Amino acid sequence: MGARRGLRAGVGALALILSACAGDQTAALLPPSPPPEAPRAGTLDRAADREHQKLVAAFGGEYRAPQARALLAEITTRLVPATERPDEPYQVTILNSPVVNAFALPNGRLYVTRGLLALANDTAEIAAVLAHEIAHVTLRHANARKELELQSVLVSRVVADVLNDPNAGATMRDLSRVRIASFSRAQELEADQIGVRTLFGAKYDPYGAARFLTALGRAGGAKSGVSPASGSDMLSTHPATTERIAIAVAAARRIGAPGLGENDRARYLAAIDGLAYGDNPTDGIVRGRRFLHPRLGVAFEAPEGLALENTARAVVGASREGDRRLLFDAIEAPEGQSLEALLRSTWSDTIETGSVETTTVNGNPAALATSRGKDWAFRLAAIRVGATTYRLIYATRTLSSESDRAFRAALDSVRTVSAEEASSLQPLRLQVMAAGEGDTVASLAQRMPVDRPQETFLLLNGLDKAGPLKAGERYKVVVE
C-alpha cells in the first residue's frame, strides 16, 4: 500500500474485495542505464521515452541487479537471431515489483519484474518469457490490436451518431470488446508457439516455456485461492493457463523429446541469488498475516486463514476457498466529518439501520457498521490513526458470531508502528543454498518468514510435492 498514492477503493471497494487483485508498487523512479552488452533499441522519440518512464515508475522503478541484468541481456542477444526479425533491436529492463509480470513495447523495450525472476528456475524458463515477449514485437501485435480498437470505436460511433441509435451503438461496443479480447487471446497463443520455436532455434530447452507456464498457473492459484485450472472469462485478454501449457507442450513435442537444448539451472540461480523478494518495506510489507507500513506508521493483522497482498490501491486478503475477503485502505477524510458519516459516504451499499457503533481501538477513534449484499455480508470500520483515516472491510458469505469475532480481532490489531520498529524492517531476499543430508521441504521451508512457507518453497523451486531433497542440489529459500 503505497504512501504516496493515498490509497482509496472508493466505489470500487466491492470489486476489490470480491476479486483477486494484483497491484503495482510505486517507488522513486531510477533512470534506466542498461549494461553496455545489452541489445540496443533504436533512437526513441520523446513520446516513447515518456511512455517508458511512466511504465517503469508504475512498477516501482528500475531494479538494480547487475548479474541478473547481464544474464537477461545475454539471453536476449542469443534469442534475437533465432526470431523472424533478427535485425530488431531490444533492451531489457528489470522492474522493482514483486508481482509476476512481463511485457514488451513495440519499439523493442522488454520488461520483466523481479517477482517473475524469483519464480523462474533456469535459463530456458526465463528465455521462454523473453522469447514470448519478443514474438509480440516481431508480430506487431500491439499495432494490430490498436488498429482493431480504433476500428471498433469508429463503427460503434457511426452506429450511435450517424444512425442515431445509441442502444445499437452500446451493443456494438460490447461486441467489439468481446472481439478485441478474443483477438488478444489469439495473440498470446500465437506468441507462445513462436516463442517455443525461438527457444529451440537459440539452442535452449523448448520445454522451458511449459515449465514456466506451469509455475505461473500454480502461482496464480496460490494467490487467488482458486484452482490454476480455472478457465479465463469471456473478456479476459489471456487464455487459461492450462490451455497455454498444452499448446507449449505440443509445440515442444513437435520439435523433439525432452532433453533437448540448454537450461543451465545453476547459472540462473547464481544470477538471482540475493534478489529482493516480496514487498518493498517503504511501501508497506506483508509478513504472514501481518501488514506493516513504516512510512504511514500503521499495522494490522488479518484473520487466520487469509493470505494478504499489498496492492497499489489497498491491502487485500482472501481465504484459500475464496469465501472470505478483506480490504484495508486509506480514505480522504474531510475536516470535521465524523467517522460514521465518512463510513456511510465511502460505502456504496446500504448500511443496516442501528448497526453503527463508535469505539476506541488502541487509543484511536473508530466507527463500525454492517452491510449485506445479495451474495456477501460485510463488516465495516473506519479508524483514524494519527492524521490518516483507514477502512477495514471484512466480507463473508454470511454473518455469524465467528465472522464477527474475526473482524473485531482484526480491527483490534490496528495500531501505530513505532519509529524503532519501522527502522528495523528489512526487505526479504532470495538465498540460494545447497540442501544437506536429510534436508526436506519442511526443514528448509520452516526457515522462511512468509505465509504458507512450504507452499512458497515448492512454488519457488518448481517442485510438485513435499519430501526429501537431493543433497547438494541448490534451492531458493526466502530469508530476512
# chains A, B, ... in the order shown; residues from 1 in each chain; ligands from 1
>>> residues_around(residues="Glu437 (chain A)", least_positions_apart="6", cutoff="12 Å", atoms="only C-alpha atoms", output="list in words")
Ser443, Leu444, Pro468, Leu469, Lys470, Ala471, Gly472 and Glu473 of chain A
>>> atom_distance(atom1="CA of Pro449 (chain A)", atom2="CA of Ser423 (chain A)")
18.0 Å
>>> residues_around(residues="Glu340 (chain A)", least_positions_apart="4", cutoff="12 Å", atoms="only C-alpha atoms", output="PyMOL selection string")
chain A and resi 333+336+344-347+351+354-359+365-370+380-384+389+391
>>> atom_distance(atom1="CA of Leu71 (chain A)", atom2="CA of Arg267 (chain A)")
9.0 Å
>>> residues_around(residues="Lys476 (chain A)", least_positions_apart="4", cutoff="8 Å", atoms="only C-alpha atoms", output="JSON, numbers by chain")
{"A": [269, 430, 431, 432, 433, 457, 460, 461]}
>>> write_last_selection(atoms="all heavy atoms", output="compact mmCIF listing (two decimals), in the first residue's frame")
# COMPACT_ATOMS: atom_id res chain seq x y z
N LEU A 269 20.36 -19.63 -11.10
CA LEU A 269 20.21 -19.44 -9.66
C LEU A 269 21.32 -18.55 -9.11
O LEU A 269 21.08 -17.72 -8.22
CB LEU A 269 20.23 -20.79 -8.95
CG LEU A 269 19.02 -21.70 -9.23
CD1 LEU A 269 19.15 -23.00 -8.43
CD2 LEU A 269 17.70 -21.00 -8.90
N LEU A 430 15.97 -13.55 -1.70
CA LEU A 430 16.18 -14.95 -2.03
C LEU A 430 17.62 -15.34 -1.70
O LEU A 430 18.55 -14.60 -1.99
CB LEU A 430 15.95 -15.20 -3.53
CG LEU A 430 14.52 -15.11 -4.06
CD1 LEU A 430 14.51 -15.42 -5.54
CD2 LEU A 430 13.58 -16.03 -3.31
N GLN A 431 17.76 -16.48 -1.09
CA GLN A 431 19.09 -17.05 -0.86
C GLN A 431 19.12 -18.43 -1.49
O GLN A 431 18.24 -19.26 -1.25
CB GLN A 431 19.40 -17.16 0.64
CG GLN A 431 20.77 -17.74 0.92
CD GLN A 431 21.06 -17.83 2.42
OE1 GLN A 431 20.42 -17.16 3.22
NE2 GLN A 431 22.00 -18.68 2.78
N VAL A 432 20.11 -18.66 -2.32
CA VAL A 432 20.27 -19.97 -2.95
C VAL A 432 21.21 -20.79 -2.09
O VAL A 432 22.34 -20.38 -1.83
CB VAL A 432 20.81 -19.83 -4.38
CG1 VAL A 432 21.02 -21.20 -5.02
CG2 VAL A 432 19.87 -18.98 -5.24
N MET A 433 20.74 -21.93 -1.63
CA MET A 433 21.55 -22.73 -0.73
C MET A 433 21.46 -24.21 -1.10
O MET A 433 20.47 -24.67 -1.66
CB MET A 433 21.10 -22.53 0.72
CG MET A 433 19.67 -22.89 1.01
SD MET A 433 19.14 -22.45 2.69
CE MET A 433 20.36 -23.32 3.66
N PHE A 457 7.89 -22.48 -0.83
CA PHE A 457 9.14 -23.16 -1.18
C PHE A 457 8.94 -24.04 -2.42
O PHE A 457 9.76 -24.02 -3.35
CB PHE A 457 9.63 -24.00 -0.01
CG PHE A 457 10.92 -24.73 -0.28
CD1 PHE A 457 12.14 -24.12 -0.02
CD2 PHE A 457 10.92 -26.02 -0.81
CE1 PHE A 457 13.34 -24.78 -0.29
CE2 PHE A 457 12.11 -26.69 -1.08
CZ PHE A 457 13.32 -26.07 -0.81
N LEU A 460 8.51 -21.73 -5.55
CA LEU A 460 9.74 -21.05 -5.98
C LEU A 460 10.73 -22.01 -6.63
O LEU A 460 11.54 -21.61 -7.47
CB LEU A 460 10.41 -20.36 -4.79
CG LEU A 460 9.73 -19.10 -4.27
CD1 LEU A 460 10.47 -18.58 -3.04
CD2 LEU A 460 9.70 -18.02 -5.34
N ASN A 461 10.68 -23.29 -6.24
CA ASN A 461 11.66 -24.25 -6.74
C ASN A 461 11.09 -25.22 -7.77
O ASN A 461 11.77 -26.19 -8.14
CB ASN A 461 12.26 -25.01 -5.56
CG ASN A 461 13.15 -24.13 -4.70
OD1 ASN A 461 14.27 -23.82 -5.07
ND2 ASN A 461 12.64 -23.70 -3.55
>>> closest_atom_pairs(of="region 41-142 of chain A", to="region 286-310 of chain A", cutoff="12 Å", atoms="only C-alpha atoms", output="Markdown table")
| residue | atom | partner | partner_atom | distance |
| --- | --- | --- | --- | --- |
| A:Ser97 | CA | A:Asn310 | CA | 11.1 |
| A:Pro98 | CA | A:Asn310 | CA | 9.7 |
| A:Val99 | CA | A:Glu309 | CA | 9.9 |
>>> select_by_dssp(residues="region 321-467 of chain A", states="strand (DSSP E or B)", output="PyMOL selection string")
chain A and resi 324-331+351+357-361+364-372+377-385+388-396+415-416+428-434+440
>>> atom_distance(atom1="CA of Arg429 (chain A)", atom2="CA of Gly115 (chain A)")
11.0 Å
>>> closest_residue(among="A:Tyr268, A:Phe378, A:Tyr111, A:Tyr207", to="Gln67 (chain A)", atoms="only C-alpha atoms")
A:Tyr268
>>> select_by_dssp(residues="region 222-411 of chain A", states="helix (DSSP H, G or I)", output="PyMOL selection string")
chain A and resi 222-224+241-255+265-272+281-283+339-345+401-411
>>> write_last_selection(atoms="N, CA and C atoms", output="compact mmCIF listing (two decimals), in the first residue's frame")
# COMPACT_ATOMS: atom_id res chain seq x y z
N ALA A 222 -2.28 -20.10 -6.11
CA ALA A 222 -1.90 -19.90 -4.71
C ALA A 222 -2.31 -18.52 -4.23
N LYS A 223 -2.20 -17.52 -5.11
CA LYS A 223 -2.52 -16.15 -4.70
C LYS A 223 -4.01 -15.90 -4.60
N SER A 224 -4.76 -16.44 -5.56
CA SER A 224 -6.18 -16.11 -5.62
C SER A 224 -7.07 -17.06 -4.84
N THR A 241 -4.42 -20.62 -18.36
CA THR A 241 -3.04 -21.10 -18.29
C THR A 241 -2.94 -22.55 -18.73
N THR A 242 -3.93 -23.37 -18.39
CA THR A 242 -3.90 -24.77 -18.81
C THR A 242 -3.87 -24.89 -20.33
N GLU A 243 -4.59 -24.02 -21.02
CA GLU A 243 -4.59 -24.03 -22.48
C GLU A 243 -3.20 -23.64 -23.01
N ARG A 244 -2.60 -22.66 -22.39
CA ARG A 244 -1.27 -22.23 -22.84
C ARG A 244 -0.23 -23.32 -22.59
N ILE A 245 -0.34 -24.00 -21.45
CA ILE A 245 0.61 -25.09 -21.16
C ILE A 245 0.47 -26.19 -22.21
N ALA A 246 -0.76 -26.58 -22.53
CA ALA A 246 -0.98 -27.64 -23.51
C ALA A 246 -0.39 -27.28 -24.86
N ILE A 247 -0.57 -26.04 -25.27
CA ILE A 247 -0.05 -25.60 -26.57
C ILE A 247 1.48 -25.56 -26.54
N ALA A 248 2.06 -25.11 -25.42
CA ALA A 248 3.53 -25.05 -25.31
C ALA A 248 4.13 -26.45 -25.33
N VAL A 249 3.49 -27.38 -24.64
CA VAL A 249 3.99 -28.77 -24.63
C VAL A 249 3.89 -29.36 -26.04
N ALA A 250 2.75 -29.14 -26.72
CA ALA A 250 2.58 -29.68 -28.06
C ALA A 250 3.62 -29.10 -29.02
N ALA A 251 3.89 -27.81 -28.90
CA ALA A 251 4.89 -27.18 -29.76
C ALA A 251 6.28 -27.76 -29.51
N ALA A 252 6.60 -28.02 -28.24
CA ALA A 252 7.91 -28.59 -27.91
C ALA A 252 8.01 -30.03 -28.41
N ARG A 253 6.91 -30.79 -28.29
CA ARG A 253 6.95 -32.18 -28.75
C ARG A 253 7.11 -32.29 -30.25
N ARG A 254 6.61 -31.30 -30.98
CA ARG A 254 6.81 -31.32 -32.44
C ARG A 254 8.28 -31.16 -32.78
N ILE A 255 9.03 -30.56 -31.85
CA ILE A 255 10.47 -30.39 -32.06
C ILE A 255 11.22 -31.65 -31.69
N ARG A 265 20.47 -24.45 -15.00
CA ARG A 265 19.80 -24.01 -13.78
C ARG A 265 20.79 -23.37 -12.80
N ALA A 266 21.98 -23.96 -12.69
CA ALA A 266 22.95 -23.45 -11.72
C ALA A 266 23.33 -22.01 -12.03
N ARG A 267 23.51 -21.70 -13.30
CA ARG A 267 23.90 -20.33 -13.66
C ARG A 267 22.77 -19.35 -13.37
N TYR A 268 21.55 -19.76 -13.66
CA TYR A 268 20.43 -18.86 -13.40
C TYR A 268 20.29 -18.58 -11.91
N LEU A 269 20.36 -19.63 -11.10
CA LEU A 269 20.21 -19.44 -9.66
C LEU A 269 21.32 -18.55 -9.11
N ALA A 270 22.53 -18.68 -9.64
CA ALA A 270 23.63 -17.82 -9.19
C ALA A 270 23.35 -16.36 -9.53
N ALA A 271 22.70 -16.12 -10.66
CA ALA A 271 22.42 -14.74 -11.10
C ALA A 271 21.36 -14.06 -10.25
N ILE A 272 20.42 -14.85 -9.66
CA ILE A 272 19.36 -14.23 -8.87
C ILE A 272 19.58 -14.41 -7.36
N PRO A 281 9.77 -2.54 1.86
CA PRO A 281 9.30 -2.05 3.16
C PRO A 281 8.81 -0.61 3.15
N THR A 282 9.39 0.24 2.30
CA THR A 282 8.96 1.63 2.28
C THR A 282 7.53 1.79 1.79
N ASP A 283 7.01 0.80 1.06
CA ASP A 283 5.64 0.84 0.56
C ASP A 283 4.71 -0.06 1.36
N LEU A 339 -16.55 9.93 11.76
CA LEU A 339 -16.18 8.64 11.19
C LEU A 339 -17.42 7.88 10.71
N GLU A 340 -18.54 8.04 11.41
CA GLU A 340 -19.79 7.40 10.98
C GLU A 340 -20.23 7.94 9.63
N ALA A 341 -20.20 9.26 9.48
CA ALA A 341 -20.60 9.87 8.20
C ALA A 341 -19.62 9.49 7.09
N LEU A 342 -18.35 9.41 7.45
CA LEU A 342 -17.32 9.04 6.47
C LEU A 342 -17.54 7.61 5.99
N LEU A 343 -17.88 6.73 6.91
CA LEU A 343 -18.13 5.34 6.55
C LEU A 343 -19.32 5.23 5.60
N ARG A 344 -20.36 5.97 5.87
CA ARG A 344 -21.54 5.95 5.01
C ARG A 344 -21.24 6.52 3.63
N SER A 345 -20.45 7.60 3.59
CA SER A 345 -20.21 8.27 2.32
C SER A 345 -19.25 7.51 1.40
N SER A 401 -21.41 -15.25 14.53
CA SER A 401 -20.60 -14.83 15.67
C SER A 401 -19.12 -15.06 15.39
N GLU A 402 -18.82 -16.10 14.62
CA GLU A 402 -17.42 -16.37 14.28
C GLU A 402 -16.83 -15.30 13.38
N SER A 403 -17.60 -14.89 12.35
CA SER A 403 -17.10 -13.85 11.45
C SER A 403 -16.98 -12.52 12.17
N ASP A 404 -17.90 -12.25 13.11
CA ASP A 404 -17.81 -11.01 13.87
C ASP A 404 -16.57 -11.00 14.76
N ARG A 405 -16.26 -12.15 15.39
CA ARG A 405 -15.06 -12.23 16.22
C ARG A 405 -13.80 -12.03 15.38
N ALA A 406 -13.77 -12.61 14.19
CA ALA A 406 -12.61 -12.46 13.31
C ALA A 406 -12.43 -11.00 12.90
N PHE A 407 -13.55 -10.34 12.56
CA PHE A 407 -13.49 -8.94 12.17
C PHE A 407 -13.00 -8.06 13.32
N ARG A 408 -13.56 -8.27 14.51
CA ARG A 408 -13.18 -7.43 15.65
C ARG A 408 -11.73 -7.68 16.07
N ALA A 409 -11.26 -8.92 15.93
CA ALA A 409 -9.87 -9.20 16.25
C ALA A 409 -8.94 -8.47 15.28
N ALA A 410 -9.32 -8.44 14.00
CA ALA A 410 -8.51 -7.72 13.01
C ALA A 410 -8.52 -6.22 13.31
N LEU A 411 -9.70 -5.69 13.64
CA LEU A 411 -9.80 -4.27 13.97
C LEU A 411 -8.99 -3.93 15.22
>>> residues_around(residues="Leu105 (chain A)", least_positions_apart="4", cutoff="9 Å", atoms="only C-alpha atoms", output="ChimeraX atom specification")
/A:48,52,109-111,133,136-137,142
>>> write_last_selection(atoms="N, CA and C atoms", output="tab-separated table (two decimals), in the first residue's frame")
chain	number	residue	atom	x	y	z
A	48	ALA	N	7.73	7.96	-26.87
A	48	ALA	CA	8.05	6.58	-26.47
A	48	ALA	C	8.86	6.58	-25.18
A	52	HIS	N	7.91	4.91	-21.58
A	52	HIS	CA	8.82	4.03	-20.84
A	52	HIS	C	8.97	4.50	-19.40
A	109	ARG	N	11.46	-2.46	-26.35
A	109	ARG	CA	11.75	-2.47	-24.91
A	109	ARG	C	11.03	-3.66	-24.28
A	110	LEU	N	11.79	-4.48	-23.56
A	110	LEU	CA	11.24	-5.64	-22.87
A	110	LEU	C	11.32	-5.40	-21.38
A	111	TYR	N	10.32	-5.87	-20.64
A	111	TYR	CA	10.27	-5.65	-19.20
A	111	TYR	C	9.96	-6.96	-18.48
A	133	GLU	N	7.74	-12.45	-25.34
A	133	GLU	CA	7.58	-11.00	-25.49
A	133	GLU	C	8.17	-10.51	-26.81
A	136	HIS	N	5.74	-10.98	-29.59
A	136	HIS	CA	4.74	-9.92	-29.68
A	136	HIS	C	5.26	-8.75	-30.51
A	137	VAL	N	6.54	-8.43	-30.34
A	137	VAL	CA	7.13	-7.31	-31.08
A	137	VAL	C	7.27	-7.65	-32.55
A	142	ALA	N	0.94	-5.31	-30.91
A	142	ALA	CA	0.41	-4.08	-30.31
A	142	ALA	C	-0.22	-3.19	-31.37
>>> residues_around(residues="Gly208 (chain A)", least_positions_apart="3", cutoff="8 Å", atoms="only C-alpha atoms", output="PDB file with C-alpha atoms, in the first residue's frame")
ATOM      1  CA  ALA A 124      15.400 -21.857 -20.507  1.00  0.00           C
ATOM      2  CA  GLU A 125      12.407 -20.693 -18.469  1.00  0.00           C
ATOM      3  CA  ILE A 126      13.436 -17.042 -18.447  1.00  0.00           C
ATOM      4  CA  ALA A 127      14.432 -17.319 -22.118  1.00  0.00           C
ATOM      5  CA  ALA A 128      10.882 -18.588 -22.797  1.00  0.00           C
ATOM      6  CA  TYR A 204      17.535 -23.536 -25.279  1.00  0.00           C
ATOM      7  CA  ASP A 205      15.334 -26.304 -23.885  1.00  0.00           C
ATOM      8  CA  ARG A 211       7.649 -25.396 -17.137  1.00  0.00           C
ATOM      9  CA  PHE A 212       7.374 -21.665 -16.557  1.00  0.00           C
ATOM     10  CA  ASN A 263      18.620 -24.912 -19.316  1.00  0.00           C
TER      11      ASN A 263
END
>>> closest_residue(among="A:Leu216, A:Leu139, A:Val196, A:Ala210", to="Asn101 (chain A)", atoms="only C-alpha atoms")
A:Leu216
